[in-house]
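For reference, input_14.txt is printed below; it contains compact mmCIF, C-alpha atoms.
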```txt
# COMPACT_ATOMS: atom_id res chain seq x y z
CA MET A 1297 -6.61 16.30 -26.08
CA ASP A 1298 -6.47 13.31 -28.45
CA GLU A 1299 -5.51 10.93 -25.63
CA ILE A 1300 -8.37 12.20 -23.47
CA PHE A 1301 -10.94 11.87 -26.24
CA ASN A 1302 -9.69 8.50 -27.50
CA ARG A 1303 -9.10 6.67 -24.22
CA ARG A 1304 -11.28 3.57 -23.82
CA SER A 1305 -11.24 0.61 -21.46
CA ILE A 1306 -9.35 -2.06 -23.37
CA ARG A 1307 -9.81 -5.57 -21.97
CA LYS A 1308 -8.34 -7.74 -24.72
CA PHE A 1309 -4.65 -7.55 -25.56
CA LYS A 1310 -2.29 -8.98 -28.16
CA ASP A 1311 0.26 -11.50 -26.92
CA GLN A 1312 3.01 -8.91 -27.19
CA ALA A 1313 5.27 -7.56 -24.46
CA VAL A 1314 5.27 -3.88 -23.60
CA GLU A 1315 8.76 -2.51 -23.98
CA PRO A 1316 10.65 -1.56 -20.77
CA ASP A 1317 10.99 2.07 -21.88
CA LYS A 1318 7.20 2.30 -22.26
CA ILE A 1319 6.67 0.79 -18.81
CA ASP A 1320 9.05 3.42 -17.45
CA ARG A 1321 7.11 6.19 -19.24
CA LEU A 1322 3.82 4.88 -17.83
CA LEU A 1323 5.22 4.97 -14.30
CA ARG A 1324 6.69 8.43 -14.84
CA ALA A 1325 3.33 9.69 -16.13
CA ALA A 1326 1.56 8.27 -13.09
CA MET A 1327 4.01 9.95 -10.72
CA GLN A 1328 3.53 13.34 -12.42
CA ALA A 1329 -0.04 13.45 -11.12
CA PRO A 1330 -1.17 16.27 -8.89
CA SER A 1331 -1.19 15.35 -5.23
CA ALA A 1332 -2.79 16.97 -2.18
CA GLY A 1333 -0.12 18.83 -0.26
CA ASN A 1334 2.36 17.23 -2.69
CA GLN A 1335 2.22 14.11 -0.49
CA GLN A 1336 2.73 11.70 -3.43
CA PRO A 1337 1.69 8.59 -1.45
CA TRP A 1338 1.87 6.24 -4.42
CA GLU A 1339 3.68 2.94 -4.61
CA PHE A 1340 3.53 0.54 -7.58
CA ILE A 1341 3.90 -3.17 -8.16
CA VAL A 1342 4.64 -4.04 -11.81
CA ILE A 1343 3.63 -7.53 -12.93
CA GLN A 1344 4.72 -8.99 -16.28
CA ASP A 1345 5.11 -12.70 -15.56
CA LYS A 1346 2.23 -14.57 -17.29
CA GLU A 1347 1.74 -17.04 -14.45
CA ARG A 1348 1.68 -14.26 -11.90
CA LEU A 1349 -0.76 -12.23 -14.06
CA ALA A 1350 -3.09 -15.24 -14.18
CA GLN A 1351 -2.97 -15.51 -10.38
CA VAL A 1352 -3.61 -11.79 -9.86
CA ALA A 1353 -6.65 -12.05 -12.16
CA GLY A 1354 -8.26 -14.17 -9.43
CA THR A 1355 -8.19 -11.42 -6.80
CA SER A 1356 -11.49 -9.96 -8.03
CA PRO A 1357 -14.36 -11.28 -10.17
CA TYR A 1358 -13.92 -8.24 -12.44
CA ALA A 1359 -10.17 -8.63 -12.90
CA LYS A 1360 -10.18 -11.54 -15.38
CA PRO A 1361 -8.65 -9.47 -18.26
CA ILE A 1362 -5.47 -9.11 -16.18
CA ALA A 1363 -4.50 -12.65 -17.25
CA GLY A 1364 -4.23 -11.57 -20.88
CA SER A 1365 -2.42 -8.30 -20.30
CA ALA A 1366 1.23 -7.68 -21.08
CA VAL A 1367 1.73 -5.78 -17.84
CA THR A 1368 -0.43 -4.89 -14.87
CA PHE A 1369 0.30 -2.10 -12.43
CA VAL A 1370 -0.95 -2.35 -8.86
CA LEU A 1371 -1.39 1.13 -7.45
CA LEU A 1372 -1.00 1.45 -3.72
CA ALA A 1373 -0.91 4.23 -1.13
CA ASN A 1374 1.75 4.41 1.55
CA GLU A 1375 0.03 5.70 4.70
CA LYS A 1376 3.40 6.88 6.04
CA GLU A 1377 3.44 9.51 3.26
CA LEU A 1378 0.00 10.95 4.03
CA LYS A 1379 0.02 14.59 5.06
CA ILE A 1380 -3.68 14.85 4.19
CA PRO A 1381 -5.12 11.43 5.10
CA THR A 1382 -8.49 12.00 3.42
CA ALA A 1383 -6.96 12.77 0.00
CA TRP A 1384 -5.08 9.56 -0.86
CA GLU A 1385 -7.81 8.25 -3.16
CA GLN A 1386 -7.82 11.52 -5.11
CA ASP A 1387 -4.04 11.34 -5.48
CA LEU A 1388 -4.14 7.74 -6.67
CA SER A 1389 -7.04 8.48 -9.03
CA ALA A 1390 -5.01 11.22 -10.70
CA ALA A 1391 -2.01 8.88 -10.99
CA THR A 1392 -4.21 6.16 -12.49
CA GLN A 1393 -5.71 8.51 -15.07
CA ASN A 1394 -2.25 9.80 -16.04
CA LEU A 1395 -1.07 6.22 -16.57
CA LEU A 1396 -4.11 5.43 -18.74
CA LEU A 1397 -3.68 8.56 -20.85
CA GLU A 1398 0.02 7.88 -21.40
CA ALA A 1399 -0.89 4.34 -22.48
CA VAL A 1400 -3.06 5.78 -25.26
CA HIS A 1401 -0.26 8.18 -26.22
CA LEU A 1402 2.14 5.22 -26.55
CA GLY A 1403 -0.24 3.21 -28.76
CA LEU A 1404 -1.26 0.93 -25.90
CA GLY A 1405 -4.60 0.20 -24.31
CA GLY A 1406 -5.49 -0.17 -20.68
CA VAL A 1407 -8.26 -0.85 -18.21
CA TRP A 1408 -8.70 0.31 -14.61
CA PHE A 1409 -9.85 -2.24 -12.03
CA GLY A 1410 -10.99 -0.69 -8.77
CA VAL A 1411 -9.65 -2.34 -5.63
CA ALA A 1412 -10.29 0.26 -2.91
CA THR A 1413 -13.97 0.22 -3.87
CA SER A 1414 -14.34 -3.37 -2.63
CA ASP A 1415 -13.30 -4.54 0.82
CA ALA A 1416 -13.04 -8.11 -0.50
CA ALA A 1417 -10.85 -7.15 -3.46
CA ALA A 1418 -8.65 -4.94 -1.26
CA GLU A 1419 -8.18 -7.78 1.22
CA ASN A 1420 -7.42 -10.26 -1.59
CA VAL A 1421 -4.79 -7.92 -3.04
CA ARG A 1422 -3.36 -7.25 0.43
CA LYS A 1423 -2.98 -10.98 1.08
CA PHE A 1424 -1.76 -11.89 -2.42
CA PHE A 1425 1.08 -9.36 -2.32
CA GLU A 1426 1.70 -9.72 1.43
CA LEU A 1427 1.43 -5.96 1.82
CA PRO A 1428 2.67 -4.26 4.98
CA GLU A 1429 -0.01 -2.69 7.18
CA ASN A 1430 0.83 0.85 6.03
CA ILE A 1431 0.24 0.04 2.34
CA ARG A 1432 -3.35 0.47 1.09
CA PRO A 1433 -4.45 -1.15 -2.19
CA PHE A 1434 -6.15 1.26 -4.57
CA ALA A 1435 -6.42 -0.14 -8.11
CA MET A 1436 -4.92 -2.37 -10.75
CA VAL A 1437 -4.37 -1.18 -14.32
CA SER A 1438 -3.79 -3.71 -17.07
CA VAL A 1439 -1.96 -2.52 -20.15
CA GLY A 1440 -1.00 -4.02 -23.50
CA TYR A 1441 -1.36 -3.67 -27.22
CA PRO A 1442 -5.09 -3.66 -28.02
CA ASP A 1443 -6.43 -6.73 -29.81
CA GLY A 1444 -9.51 -5.78 -31.78
CA GLN A 1445 -10.76 -2.75 -29.85
CA LYS A 1446 -9.96 0.69 -31.17
CA ASN A 1447 -9.45 3.88 -29.21
CA GLU A 1448 -12.06 5.81 -31.17
CA PHE A 1449 -13.76 8.99 -30.07
CA ALA A 1450 -17.20 8.68 -28.48
CA ASP A 1451 -18.67 12.02 -27.47
CA ARG A 1452 -19.69 11.87 -23.81
CA TYR A 1453 -20.36 15.59 -23.42
CA LYS A 1454 -23.79 16.32 -21.92
CA ALA A 1455 -24.65 20.02 -21.94
CA ASP A 1456 -27.54 19.46 -19.52
CA ARG A 1457 -25.02 18.48 -16.82
CA VAL A 1458 -23.32 21.87 -16.89
CA HIS A 1459 -24.57 24.59 -14.55
CA TYR A 1460 -23.28 28.16 -14.56
CA GLU A 1461 -23.23 30.26 -11.41
CA LYS A 1462 -26.06 28.28 -9.72
CA TRP A 1463 -27.97 25.02 -9.99
```
Translate the structure of the given file into structure tokens.
Amino acid sequence: MDEIFNRRSIRKFKDQAVEPDKIDRLLRAAMQAPSAGNQQPWEFIVIQDKERLAQVAGTSPYAKPIAGSAVTFVLLANEKELKIPTAWEQDLSAATQNLLLEAVHLGLGGVWFGVATSDAAAENVRKFFELPENIRPFAMVSVGYPDGQKNEFADRYKADRVHYEKW
């Protein structure tokens, strides 16, 4: 539970590469996510080149921290893999959360940038990466070694939001 309780959105990173074995573990964690009908529609683009990261940061007004990350993952859904077409966002959300939790476990920090939530951002990502028609942009997750921010516990539990048996 430590990773769950200590995960925070980290937007400032040290100028330090993330090791290839950690990138592999992040991808493996993402792909272990639950998936509706086991459809596993996810696809990933991994970006580490500093110039490319700076360019990707321009795809959304909220994505500026991407430029300072060590690695950014673009999470995408392959429509050809959809057995349950209405569930792809749930599948990709679970994959994104797994990636973020594994980042904390590995001593890294990360931040989730929504893409599917904005038609403009989705179109910018689609054009930037020249995505085929069957590939739907979902999110970008920037990861690196935190610079200044700590993954410290902040209790978000609200007992008044829990209802037993009825509203």
Considering only C-alpha atoms, state which residue in the set A:Ile1319, A:Met1436, A:Pro1428, A:Ile1306 is at the smallest distance from A:Leu1349.
-> A:Met1436
Is there a way to get, as a list in words, all residues within 6 Å of the point (-3.1, 0.4, -8.9) in file coordinates, counting all atoms listed in the file?
->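 Those residues, ordered by chain and then number, are Phe1369, Val1370, Leu1371, Leu1372, Phe1434, Ala1435, Met1436 and Val1437 of chain A.
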Within 7 Å of stretch 1388-1397 of chain A using only C-alpha atoms, minus same-chain residues under 5 positions, as a list in words |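 The filter keeps Glu1299, Ile1300, Arg1303, Leu1322, Leu1323, Ala1325, Ala1326, Met1327, Ala1329, Pro1330, Trp1338 and Gly1406 of chain A.
Distances to A:Asp1451 were evaluated for A:Thr1355, A:Thr1382, A:Ser1331, A:Asn1302 using only C-alpha atoms, and the minimum falls at A:Asn1302.
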May I ask which of the residues A:Val1314, A:Ile1362, A:Val1400, A:Ala1418 is the closest one to A:Gly1440, counting all atoms listed in the file?
->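 The shortest atom-to-atom distance to A:Gly1440 comes from A:Val1314.
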Pick from A:Phe1449, A:Ala1373, A:Pro1361, A:Pro1442, whichever lies nearest to A:Arg1422 using only C-alpha atoms = A:Ala1373
